[in-house]
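Engineer: Dropping in start-v4.cif, which is mmCIF, C-alpha atoms:
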data_my_file
loop_
_atom_site.group_PDB
_atom_site.id
_atom_site.type_symbol
_atom_site.label_atom_id
_atom_site.label_comp_id
_atom_site.auth_asym_id
_atom_site.auth_seq_id
_atom_site.Cartn_x
_atom_site.Cartn_y
_atom_site.Cartn_z
ATOM 1 C CA MET J 1 20.271 -32.721 1.059
ATOM 2 C CA LYS J 2 19.103 -31.402 -2.326
ATOM 3 C CA LYS J 3 15.792 -33.178 -1.948
ATOM 4 C CA THR J 4 15.312 -31.916 1.593
ATOM 5 C CA LEU J 5 16.015 -28.294 0.696
ATOM 6 C CA PHE J 6 13.842 -28.579 -2.429
ATOM 7 C CA LEU J 7 10.989 -29.606 -0.124
ATOM 8 C CA VAL J 8 11.791 -26.911 2.459
ATOM 9 C CA PHE J 9 11.769 -24.056 -0.065
ATOM 10 C CA SER J 10 8.651 -25.405 -1.802
ATOM 11 C CA GLY J 11 6.782 -25.693 1.481
ATOM 12 C CA ALA J 12 7.944 -22.242 2.581
ATOM 13 C CA ILE J 13 6.653 -20.693 -0.660
ATOM 14 C CA LEU J 14 3.301 -22.403 -0.152
ATOM 15 C CA ILE J 15 2.984 -21.325 3.495
ATOM 16 C CA PHE J 16 4.155 -17.732 2.950
ATOM 17 C CA THR J 17 1.849 -17.348 -0.057
ATOM 18 C CA ILE J 18 -1.177 -18.554 1.892
ATOM 19 C CA ILE J 19 -0.348 -16.024 4.626
ATOM 20 C CA SER J 20 0.054 -13.281 2.016
ATOM 21 C CA ILE J 21 -3.290 -14.132 0.428
ATOM 22 C CA CYS J 22 -4.953 -13.862 3.833
ATOM 23 C CA CYS J 23 -3.396 -10.404 4.356
ATOM 24 C CA ALA J 24 -3.374 -9.024 0.803
ATOM 25 C CA PRO J 25 -5.092 -5.589 0.874
ATOM 26 C CA ILE J 26 -6.734 -5.809 -2.553
ATOM 27 C CA ILE J 27 -7.783 -9.456 -2.464
ATOM 28 C CA ASN J 28 -9.392 -8.951 0.950
ATOM 29 C CA GLY J 29 -11.058 -5.657 0.005
ATOM 30 C CA ASP J 30 -9.160 -3.582 2.582
ATOM 31 C CA ILE J 31 -8.323 -0.695 0.240
ATOM 32 C CA ILE J 32 -11.447 1.346 -0.360
ATOM 33 C CA GLY J 33 -11.870 1.942 -4.076
ATOM 34 C CA ALA J 34 -9.348 -0.728 -5.108
ATOM 35 C CA SER J 35 -12.137 -2.885 -6.533
ATOM 36 C CA ASP J 36 -12.400 -0.281 -9.310
ATOM 37 C CA TRP J 37 -8.685 -0.358 -10.129
ATOM 38 C CA LYS J 38 -9.093 -3.358 -12.432
ATOM 39 C CA THR J 39 -11.651 -1.546 -14.600
ATOM 40 C CA LYS J 40 -9.969 1.853 -14.721
ATOM 41 C CA ASN J 41 -9.679 3.222 -18.240
ATOM 42 C CA CYS J 42 -6.065 4.393 -18.310
ATOM 43 C CA LYS J 43 -6.418 5.181 -22.014
ATOM 44 C CA TYR J 44 -8.662 8.083 -20.979
ATOM 45 C CA TYR J 45 -5.922 9.582 -18.809
ATOM 46 C CA GLU J 46 -3.389 9.034 -21.576
ATOM 47 C CA ASP J 47 -5.610 10.922 -24.029
ATOM 48 C CA VAL J 48 -6.136 13.726 -21.510
ATOM 49 C CA TYR J 49 -2.379 14.010 -21.066
ATOM 50 C CA LYS J 50 -1.771 14.053 -24.815
ATOM 51 C CA SER J 51 -4.212 16.930 -25.238
ATOM 52 C CA ASP J 52 -3.026 18.827 -22.167
ATOM 53 C CA LYS J 53 0.492 17.877 -21.096
ATOM 54 C CA THR J 54 0.383 19.242 -17.572
ATOM 55 C CA ASP J 55 2.132 17.691 -14.586
ATOM 56 C CA ALA J 56 -1.218 16.901 -12.949
ATOM 57 C CA ASN J 57 -2.457 14.974 -15.982
ATOM 58 C CA LYS J 58 0.833 13.089 -16.213
ATOM 59 C CA LYS J 59 0.542 12.050 -12.551
ATOM 60 C CA ALA J 60 -3.059 10.988 -13.105
ATOM 61 C CA LYS J 61 -2.020 8.796 -16.031
ATOM 62 C CA ASN J 62 0.859 7.216 -14.125
ATOM 63 C CA LEU J 63 -1.265 6.606 -11.030
ATOM 64 C CA CYS J 64 -3.923 4.839 -13.081
ATOM 65 C CA ASN J 65 -1.285 2.587 -14.652
ATOM 66 C CA ARG J 66 0.259 1.791 -11.255
ATOM 67 C CA GLN J 67 -3.049 0.933 -9.615
ATOM 68 C CA LYS J 68 -4.214 -1.239 -12.484
ATOM 69 C CA ALA J 69 -0.876 -3.051 -12.579
ATOM 70 C CA MET J 70 -0.862 -3.657 -8.829
ATOM 71 C CA TYR J 71 -4.392 -5.048 -8.920
ATOM 72 C CA GLY J 72 -3.479 -7.588 -11.580
ATOM 73 C CA LEU J 73 -0.129 -8.441 -10.005
ATOM 74 C CA GLU J 74 -1.560 -9.091 -6.543
ATOM 75 C CA TYR J 75 -3.965 -11.678 -7.907
ATOM 76 C CA SER J 76 -1.688 -13.227 -10.526
ATOM 77 C CA SER J 77 1.521 -13.423 -8.487
ATOM 78 C CA LEU J 78 -0.076 -14.854 -5.352
ATOM 79 C CA ILE J 79 -2.335 -17.312 -7.185
ATOM 80 C CA ILE J 80 0.512 -18.567 -9.364
ATOM 81 C CA ASP J 81 2.816 -18.808 -6.339
ATOM 82 C CA VAL J 82 0.327 -20.841 -4.306
ATOM 83 C CA VAL J 83 -0.446 -23.234 -7.196
ATOM 84 C CA LEU J 84 3.178 -23.814 -8.199
ATOM 85 C CA GLY J 85 4.251 -23.917 -4.550
ATOM 86 C CA PHE J 86 1.701 -26.648 -3.891
ATOM 87 C CA ILE J 87 2.842 -28.676 -6.910
ATOM 88 C CA CYS J 88 6.500 -28.395 -5.916
ATOM 89 C CA THR J 89 5.688 -29.299 -2.304
ATOM 90 C CA ILE J 90 3.983 -32.508 -3.472
ATOM 91 C CA LEU J 91 6.970 -33.301 -5.694
ATOM 92 C CA GLY J 92 9.329 -32.503 -2.836
ATOM 93 C CA LEU J 93 7.485 -34.919 -0.531
ATOM 94 C CA LEU J 94 7.641 -37.681 -3.145
ATOM 95 C CA HIS J 95 11.375 -37.236 -3.597
ATOM 96 C CA PHE J 96 11.972 -36.880 0.146
ATOM 97 C CA PHE J 97 10.479 -40.331 0.652
ATOM 98 C CA ASP J 98 12.298 -41.677 -2.417
ATOM 99 C CA VAL J 99 9.170 -42.716 -4.301
ATOM 100 C CA ALA J 100 9.763 -40.653 -7.453
ATOM 101 C CA LYS J 101 13.397 -41.239 -8.426
ATOM 102 C CA PRO J 102 12.644 -41.676 -12.166
ATOM 103 C CA PHE J 103 11.201 -38.163 -12.277
ATOM 104 C CA GLU J 104 13.993 -36.236 -10.540
ATOM 105 C CA LYS J 105 15.061 -34.339 -13.657
ATOM 106 C CA ILE J 106 11.477 -33.404 -14.512
ATOM 107 C CA SER J 107 10.892 -32.257 -10.932
ATOM 108 C CA GLY J 108 14.129 -30.284 -11.094
ATOM 109 C CA ILE J 109 12.977 -28.479 -14.237
ATOM 110 C CA ILE J 110 9.600 -27.747 -12.633
ATOM 111 C CA GLY J 111 11.316 -26.416 -9.501
ATOM 112 C CA LEU J 112 13.743 -24.284 -11.527
ATOM 113 C CA SER J 113 10.929 -22.851 -13.663
ATOM 114 C CA THR J 114 8.714 -22.237 -10.626
ATOM 115 C CA GLY J 115 11.519 -20.426 -8.840
ATOM 116 C CA ILE J 116 12.273 -18.150 -11.775
ATOM 117 C CA ILE J 117 8.631 -17.367 -12.595
ATOM 118 C CA GLY J 118 7.680 -16.885 -8.953
ATOM 119 C CA PHE J 119 10.654 -14.636 -8.243
ATOM 120 C CA ILE J 120 9.996 -12.336 -11.210
ATOM 121 C CA LEU J 121 6.247 -12.005 -10.597
ATOM 122 C CA THR J 122 6.637 -11.539 -6.853
ATOM 123 C CA LEU J 123 9.449 -9.011 -7.208
ATOM 124 C CA VAL J 124 7.447 -6.901 -9.667
ATOM 125 C CA TYR J 125 4.444 -7.043 -7.319
ATOM 126 C CA ILE J 126 6.613 -5.969 -4.359
ATOM 127 C CA CYS J 127 7.910 -2.992 -6.351
ATOM 128 C CA TYR J 128 4.444 -1.790 -7.368
ATOM 129 C CA SER J 129 2.885 -2.432 -3.972
ATOM 130 C CA GLY J 130 5.767 -0.812 -2.099
ATOM 131 C CA TYR J 131 5.765 2.275 -4.311
ATOM 132 C CA ILE J 132 2.010 2.844 -4.010
ATOM 133 C CA PHE J 133 2.163 2.188 -0.264
ATOM 134 C CA THR J 134 4.888 4.771 0.384
ATOM 135 C CA ASN J 135 4.155 7.427 -2.257
ATOM 136 C CA ASP J 136 0.491 7.513 -3.279
ATOM 137 C CA THR J 137 -2.258 9.275 -1.374
ATOM 138 C CA THR J 138 -5.103 7.381 0.236
ATOM 139 C CA ASP J 139 -8.354 6.789 -1.615
ATOM 140 C CA GLY J 140 -10.567 6.207 1.375
ATOM 141 C CA PHE J 141 -10.770 4.645 4.849
ATOM 142 C CA ASP J 142 -12.305 6.271 7.940
ATOM 143 C CA ASN J 143 -14.516 9.117 6.765
ATOM 144 C CA THR J 144 -12.701 11.892 8.595
ATOM 145 C CA TYR J 145 -9.886 14.332 7.923
ATOM 146 C CA ARG J 146 -10.797 14.843 4.264
ATOM 147 C CA PHE J 147 -10.841 17.534 1.630
ATOM 148 C CA SER J 148 -12.596 17.260 -1.704
ATOM 149 C CA SER J 149 -10.795 17.626 -4.993
ATOM 150 C CA SER J 150 -12.158 17.622 -8.527
ATOM 151 C CA SER J 151 -8.799 16.976 -10.207
ATOM 152 C CA PRO J 152 -8.587 13.427 -11.560
ATOM 153 C CA PRO J 153 -7.804 10.970 -10.193
ATOM 154 C CA TYR J 154 -7.848 12.580 -6.755
ATOM 155 C CA ASN J 155 -11.615 12.884 -6.516
ATOM 156 C CA SER J 156 -12.032 10.179 -3.878
ATOM 157 C CA LEU J 157 -11.424 12.384 -0.853
ATOM 158 C CA PRO J 158 -7.995 11.322 0.444
ATOM 159 C CA LEU J 159 -7.069 11.787 4.088
ATOM 160 C CA ILE J 160 -5.514 15.105 5.029
ATOM 161 C CA LYS J 161 -1.958 14.871 6.350
ATOM 162 C CA LEU J 162 -1.594 15.539 10.104
ATOM 163 C CA ASP J 163 1.326 15.894 12.478
ATOM 164 C CA LYS J 164 1.739 13.538 15.431
ATOM 165 C CA GLU J 165 -0.585 15.663 17.573
ATOM 166 C CA GLY J 166 -3.281 15.688 14.914
ATOM 167 C CA ALA J 167 -2.707 19.275 13.741
ATOM 168 C CA PHE J 168 -2.755 20.328 10.108
ATOM 169 C CA ALA J 169 -2.083 24.091 10.423
ATOM 170 C CA GLU J 170 -0.187 26.481 12.696
ATOM 171 C CA TRP J 171 -0.477 30.210 13.376
ATOM 172 C CA ASP J 172 1.989 32.489 11.580
ATOM 173 C CA ASP J 173 2.344 35.835 13.365
ATOM 174 C CA SER J 174 4.157 37.443 10.452
ATOM 175 C CA LYS J 175 1.204 36.761 8.142
ATOM 176 C CA GLY J 176 -1.576 36.995 10.686
ATOM 177 C CA GLN J 177 -2.980 33.785 9.244
ATOM 178 C CA TYR J 178 -2.760 30.047 9.618
ATOM 179 C CA LYS J 179 -0.212 28.135 7.560
ATOM 180 C CA CYS J 180 -0.798 24.583 6.344
ATOM 181 C CA ILE J 181 1.991 22.541 7.918
ATOM 182 C CA PHE J 182 2.516 20.106 5.058
ATOM 183 C CA TYR J 183 1.773 22.360 2.096
ATOM 184 C CA LYS J 184 4.422 22.392 -0.649
ATOM 185 C CA SER J 185 3.864 24.538 -3.708
ATOM 186 C CA ASN J 186 5.664 22.098 -6.012
ATOM 187 C CA LYS J 187 3.817 19.062 -4.629
ATOM 188 C CA PRO J 188 0.043 19.635 -4.756
ATOM 189 C CA ASN J 189 -0.696 16.334 -2.998
ATOM 190 C CA SER J 190 1.691 16.960 -0.116
ATOM 191 C CA ILE J 191 -1.296 17.916 2.069
ATOM 192 C CA TYR J 192 -2.686 14.388 1.804
ATOM 193 C CA ALA J 193 -1.643 11.322 3.759
ATOM 194 C CA THR J 194 -0.053 8.371 1.977
ATOM 195 C CA TYR J 195 -1.024 4.763 2.661
ATOM 196 C CA SER J 196 2.140 4.390 4.733
ATOM 197 C CA ASP J 197 0.798 7.072 7.117
ATOM 198 C CA LEU J 198 -2.240 5.003 8.082
ATOM 199 C CA GLY J 199 -0.495 3.242 10.941
ATOM 200 C CA LYS J 200 0.250 6.478 12.785
ATOM 201 C CA LYS J 201 -1.693 7.335 15.922
ATOM 202 C CA GLN J 202 -3.233 10.515 14.486
ATOM 203 C CA TYR J 203 -5.192 8.473 11.937
ATOM 204 C CA ASN J 204 -6.619 6.064 14.492
ATOM 205 C CA TYR J 205 -8.534 6.201 17.764
ATOM 206 C CA GLU J 206 -6.846 8.187 20.525
ATOM 207 C CA LYS J 207 -8.386 8.430 23.962
ATOM 208 C CA LYS J 208 -7.111 11.953 24.558
ATOM 209 C CA ARG J 209 -8.837 13.262 21.444
ATOM 210 C CA HIS J 210 -12.197 12.109 22.774
ATOM 211 C CA TYR J 211 -11.786 12.563 26.519
ATOM 212 C CA ASP J 212 -8.912 15.007 27.062
ATOM 213 C CA LYS J 213 -10.263 18.425 28.117
ATOM 214 C CA ASP J 214 -7.188 20.276 26.874
ATOM 215 C CA ASP J 215 -8.199 23.537 25.188
ATOM 216 C CA LYS J 216 -6.178 22.710 22.095
ATOM 217 C CA TYR J 217 -8.737 20.039 21.240
ATOM 218 C CA THR J 218 -11.923 21.608 22.570
ATOM 219 C CA LYS J 219 -11.357 25.165 21.319
ATOM 220 C CA CYS J 220 -9.070 24.865 18.317
ATOM 221 C CA GLU J 221 -10.885 22.394 16.121
ATOM 222 C CA GLU J 222 -11.830 23.273 12.569
ATOM 223 C CA THR J 223 -15.052 22.019 11.012
ATOM 224 C CA PHE J 224 -14.567 23.413 7.477
ATOM 225 C CA ALA J 225 -18.258 24.077 7.221
ATOM 226 C CA SER J 226 -17.694 26.996 4.847
ATOM 227 C CA SER J 227 -14.808 25.693 2.758
ATOM 228 C CA THR J 228 -13.577 22.458 1.178
ATOM 229 C CA SER J 229 -10.307 23.860 -0.137
ATOM 230 C CA ILE J 230 -8.772 25.422 2.949
ATOM 231 C CA CYS J 231 -5.333 23.849 2.453
ATOM 232 C CA LEU J 232 -5.101 24.039 -1.307
ATOM 233 C CA ASN J 233 -3.089 27.194 -0.636
ATOM 234 C CA GLU J 234 -0.305 27.668 1.890
ATOM 235 C CA TYR J 235 -2.195 30.213 4.024
ATOM 236 C CA PHE J 236 -5.851 30.584 4.965
ATOM 237 C CA SER J 237 -7.701 33.732 4.009
ATOM 238 C CA SER J 238 -9.665 35.350 6.820
ATOM 239 C CA SER J 239 -12.926 33.857 5.521
ATOM 240 C CA ASP J 240 -11.690 30.267 5.547
ATOM 241 C CA SER J 241 -11.474 29.727 9.293
ATOM 242 C CA THR J 242 -13.299 30.919 12.391
ATOM 243 C CA HIS J 243 -10.016 30.748 14.328
ATOM 244 C CA ILE J 244 -8.171 33.543 12.497
ATOM 245 C CA GLY J 245 -7.003 36.027 15.115
ATOM 246 C CA SER J 246 -7.740 33.663 18.014
ATOM 247 C CA ASN J 247 -5.257 32.270 20.518
ATOM 248 C CA CYS J 248 -4.984 28.863 18.854
ATOM 249 C CA LYS J 249 -1.382 28.076 17.932
ATOM 250 C CA TYR J 250 -2.425 24.962 16.014
ATOM 251 C CA LEU J 251 -5.620 23.852 14.313
ATOM 252 C CA TYR J 252 -7.068 20.349 14.615
ATOM 253 C CA PHE J 253 -9.936 18.624 12.904
ATOM 254 C CA SER J 254 -13.235 18.510 14.737
ATOM 255 C CA ASN J 255 -13.725 14.820 13.944
ATOM 256 C CA SER J 256 -11.285 12.075 14.817
ATOM 257 C CA PRO J 257 -11.469 8.322 14.156
ATOM 258 C CA THR J 258 -13.334 6.206 16.684
ATOM 259 C CA GLY J 259 -11.829 2.976 15.364
ATOM 260 C CA VAL J 260 -8.467 1.532 14.350
ATOM 261 C CA GLY J 261 -9.400 0.583 10.807
ATOM 262 C CA ASN J 262 -6.533 2.532 9.286
ATOM 263 C CA LYS J 263 -3.967 0.748 11.482
ATOM 264 C CA TYR J 264 -5.567 -2.560 10.518
ATOM 265 C CA VAL J 265 -5.102 -1.857 6.802
ATOM 266 C CA PHE J 266 -1.547 -0.610 7.409
ATOM 267 C CA ASP J 267 -0.568 -3.792 9.290
ATOM 268 C CA ARG J 268 -2.053 -6.111 6.669
ATOM 269 C CA TRP J 269 -0.406 -4.271 3.774
ATOM 270 C CA VAL J 270 3.004 -4.259 5.479
ATOM 271 C CA SER J 271 2.615 -7.955 6.326
ATOM 272 C CA THR J 272 1.864 -8.754 2.677
ATOM 273 C CA ILE J 273 4.975 -6.911 1.480
ATOM 274 C CA ILE J 274 7.174 -8.627 4.101
ATOM 275 C CA PHE J 275 5.899 -12.125 3.337
ATOM 276 C CA SER J 276 6.152 -11.426 -0.387
ATOM 277 C CA CYS J 277 9.849 -10.687 0.186
ATOM 278 C CA PHE J 278 10.133 -14.059 1.925
ATOM 279 C CA ILE J 279 8.414 -15.696 -1.061
ATOM 280 C CA ALA J 280 10.848 -14.069 -3.502
ATOM 281 C CA ALA J 281 13.818 -15.257 -1.428
ATOM 282 C CA CYS J 282 12.446 -18.811 -1.267
ATOM 283 C CA CYS J 283 11.866 -18.766 -5.025
ATOM 284 C CA ILE J 284 15.594 -18.174 -5.492
ATOM 285 C CA GLY J 285 16.329 -21.128 -3.222
ATOM 286 C CA LEU J 286 13.838 -23.334 -5.065
ATOM 287 C CA ALA J 287 15.357 -22.401 -8.433
ATOM 288 C CA ILE J 288 18.846 -23.265 -7.194
ATOM 289 C CA PHE J 289 17.895 -26.628 -5.741
ATOM 290 C CA GLY J 290 15.591 -27.382 -8.656
ATOM 291 C CA PHE J 291 18.589 -26.935 -10.927
ATOM 292 C CA LEU J 292 20.744 -29.129 -8.674
ATOM 293 C CA LEU J 293 18.033 -31.799 -8.627
ATOM 294 C CA PHE J 294 17.899 -31.655 -12.427
ATOM 295 C CA LYS J 295 21.667 -32.154 -12.568
ATOM 296 C CA SER J 296 21.527 -34.913 -9.966
ATOM 297 C CA ASP J 297 23.006 -38.284 -10.763
ATOM 298 C CA GLY J 298 20.314 -40.025 -8.724
ATOM 299 C CA SER J 299 22.531 -40.681 -5.715
ATOM 300 C CA GLY J 300 20.329 -38.458 -3.532
ATOM 301 C CA LEU J 301 23.274 -36.416 -2.250
#
Can you dump the structure from the file as structure tokens?
Structural biologist:
Amino acid sequence: MKKTLFLVFSGAILIFTIISICCAPIINGDIIGASDWKTKNCKYYEDVYKSDKTDANKKAKNLCNRQKAMYGLEYSSLIIDVVLGFICTILGLLHFFDVAKPFEKISGIIGLSTGIIGFILTLVYICYSGYIFTNDTTDGFDNTYRFSSSSPPYNSLPLIKLDKEGAFAEWDDSKGQYKCIFYKSNKPNSIYATYSDLGKKQYNYEKKRHYDKDDKYTKCEETFASSTSICLNEYFSSSDSTHIGSNCKYLYFSNSPTGVGNKYVFDRWVSTIIFSCFIAACCIGLAIFGFLLFKSDGSGL
């Protein structure tokens, strides 16, 4: 039984890692701008923060460190997992067919070490990947729904955050102006979508946005021709939008995605995190049965 489960967990690690490599967002170039994460100079952001200890500079420093760490972890954890998983699978096959009895203790040590190393690396990768996925703003993707920003490191035009109908602002009668729906004064990046938002319908192709003749889409779209900072404040000034004083309850962007590229990236990233969790779980199993194989008396039980 020990030999069988040693083989099962080894093979599962190998299979799940291969699937993760095929889906991994950085390895496969799905995250626009991620190819630069490995060469980011985080020391620059640290020096900027030391000279000007503002919250924005602190976030820039931390983001740089997270992105650089995730880049290295995605490659190192998955490559190490697939190599060690392959080695342990071969060893597991040899023991399953009882052709390597003299090496059971050595195989057990290899399995135990592989399980521990794989679990730690994979768990750290899951933590970094999951945090960036759920908390950090997007660096690219479909070239729509964007504002520009000169504050490092948010100069890569992240996607603007939209509600489920694709609106980003609503009319406020008391102010006589439009209010940015997602603006929060204590969170300057609250107006931008996170990577975890990419799977939502408003960031991908919707038939009604292109073919629906509803006035809310045809008459209440905003082009931002005269301003690139319209939602950097909670309310629009009268010069920021051509819809001030009109009958539009909500404002929508004039351009909407014609593809489903954002959903594609979302699905692949989520798949990688899920299969990485499976890998971490199998690493625990491999470590346990590697230890039991090491302690085996050679009876094969």
Engineer: Which is closest to Gly33 in chain J among J:Asn262, J:Thr138, J:Asn65, J:Val124, if we use only C-alpha atoms?
Structural biologist: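 Once distances to Gly33 in chain J are computed over only C-alpha atoms, the minimum belongs to J:Thr138.
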Engineer: If we count all atoms listed in the file and set the cut-off at 12 Å, which residues sit around Asp173 in chain J, ignoring sequence neighbours fewer than 4 positions away in its own chain? Please answer as an MDAnalysis selection string.
Structural biologist: chainID J and resid 177:179 235 244:249
Engineer: So how far away is CA of Lys201 in chain J from CA of Glu222 in chain J, in Å?
Structural biologist: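 Interatomic distance, CA of Glu222 in chain J to CA of Lys201 in chain J: 19.2 Å.
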Engineer: Could you tell me how far CA of Leu7 in chain J sits from CA of Gly92 in chain J, in Å to one decimal place?
Structural biologist: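 These atoms are spaced 4.3 Å apart.
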Engineer: Show me as a VMD selection string the residues that reach within 12 Å of (-2.5, -14.8, -1.7), counting all atoms listed in the file and using the file's own coordinates.
Structural biologist: chain J and resid 13 to 28 73 to 83 85 122 125 271 to 273 275 to 276 279
Engineer: Rounded to one decimal place, report the CA of Tyr195 in chain J-CA of Arg268 in chain J distance in Å.
Structural biologist: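 Computing it gives 11.6 Å between the two atoms.
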Engineer: May I have the protein, DNA and RNA residues with an atom at most 9 Å from (0.4, 11.3, 2.8), counting all atoms listed in the file in the file's coordinates, returned as a PDB file with C-alpha atoms, in the coordinates of the input?
Structural biologist:
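Output (selection.pdb):
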ATOM      1  CA  THR J 134       4.888   4.771   0.384  1.00  0.00           C
ATOM      2  CA  ASN J 135       4.155   7.427  -2.257  1.00  0.00           C
ATOM      3  CA  ASP J 136       0.491   7.513  -3.279  1.00  0.00           C
ATOM      4  CA  THR J 137      -2.258   9.275  -1.374  1.00  0.00           C
ATOM      5  CA  THR J 138      -5.103   7.381   0.236  1.00  0.00           C
ATOM      6  CA  PRO J 158      -7.995  11.322   0.444  1.00  0.00           C
ATOM      7  CA  LEU J 159      -7.069  11.787   4.088  1.00  0.00           C
ATOM      8  CA  ILE J 160      -5.514  15.105   5.029  1.00  0.00           C
ATOM      9  CA  LYS J 161      -1.958  14.871   6.350  1.00  0.00           C
ATOM     10  CA  LEU J 162      -1.594  15.539  10.104  1.00  0.00           C
ATOM     11  CA  ASN J 189      -0.696  16.334  -2.998  1.00  0.00           C
ATOM     12  CA  SER J 190       1.691  16.960  -0.116  1.00  0.00           C
ATOM     13  CA  ILE J 191      -1.296  17.916   2.069  1.00  0.00           C
ATOM     14  CA  TYR J 192      -2.686  14.388   1.804  1.00  0.00           C
ATOM     15  CA  ALA J 193      -1.643  11.322   3.759  1.00  0.00           C
ATOM     16  CA  THR J 194      -0.053   8.371   1.977  1.00  0.00           C
ATOM     17  CA  TYR J 195      -1.024   4.763   2.661  1.00  0.00           C
ATOM     18  CA  SER J 196       2.140   4.390   4.733  1.00  0.00           C
ATOM     19  CA  ASP J 197       0.798   7.072   7.117  1.00  0.00           C
ATOM     20  CA  LEU J 198      -2.240   5.003   8.082  1.00  0.00           C
TER      21      LEU J 198
END
Engineer: For Tyr250 in chain J, which residue among J:Gly176, J:Gly199, J:Gly166, J:Pro188 is the nearest when counting all atoms listed in the file?
Structural biologist: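 Closest candidate: J:Gly166.
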Engineer: Leaving out Thr89 in chain J and any residue of its chain fewer than 5 positions from it, which residues lie within 12 Å of it when counting only C-alpha atoms, given as a PDB file with C-alpha atoms, keeping the file's coordinate frame?
Structural biologist:
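Output below, filename out16.pdb:
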ATOM      1  CA  LYS J   3      15.792 -33.178  -1.948  1.00  0.00           C
ATOM      2  CA  THR J   4      15.312 -31.916   1.593  1.00  0.00           C
ATOM      3  CA  LEU J   5      16.015 -28.294   0.696  1.00  0.00           C
ATOM      4  CA  PHE J   6      13.842 -28.579  -2.429  1.00  0.00           C
ATOM      5  CA  LEU J   7      10.989 -29.606  -0.124  1.00  0.00           C
ATOM      6  CA  VAL J   8      11.791 -26.911   2.459  1.00  0.00           C
ATOM      7  CA  PHE J   9      11.769 -24.056  -0.065  1.00  0.00           C
ATOM      8  CA  SER J  10       8.651 -25.405  -1.802  1.00  0.00           C
ATOM      9  CA  GLY J  11       6.782 -25.693   1.481  1.00  0.00           C
ATOM     10  CA  ALA J  12       7.944 -22.242   2.581  1.00  0.00           C
ATOM     11  CA  ILE J  13       6.653 -20.693  -0.660  1.00  0.00           C
ATOM     12  CA  LEU J  14       3.301 -22.403  -0.152  1.00  0.00           C
ATOM     13  CA  ILE J  15       2.984 -21.325   3.495  1.00  0.00           C
ATOM     14  CA  ASP J  81       2.816 -18.808  -6.339  1.00  0.00           C
ATOM     15  CA  VAL J  82       0.327 -20.841  -4.306  1.00  0.00           C
ATOM     16  CA  VAL J  83      -0.446 -23.234  -7.196  1.00  0.00           C
ATOM     17  CA  LEU J  84       3.178 -23.814  -8.199  1.00  0.00           C
ATOM     18  CA  LEU J  94       7.641 -37.681  -3.145  1.00  0.00           C
ATOM     19  CA  HIS J  95      11.375 -37.236  -3.597  1.00  0.00           C
ATOM     20  CA  PHE J  96      11.972 -36.880   0.146  1.00  0.00           C
ATOM     21  CA  SER J 107      10.892 -32.257 -10.932  1.00  0.00           C
ATOM     22  CA  ILE J 110       9.600 -27.747 -12.633  1.00  0.00           C
ATOM     23  CA  GLY J 111      11.316 -26.416  -9.501  1.00  0.00           C
ATOM     24  CA  THR J 114       8.714 -22.237 -10.626  1.00  0.00           C
ATOM     25  CA  LEU J 286      13.838 -23.334  -5.065  1.00  0.00           C
ATOM     26  CA  GLY J 290      15.591 -27.382  -8.656  1.00  0.00           C
TER      27      GLY J 290
END
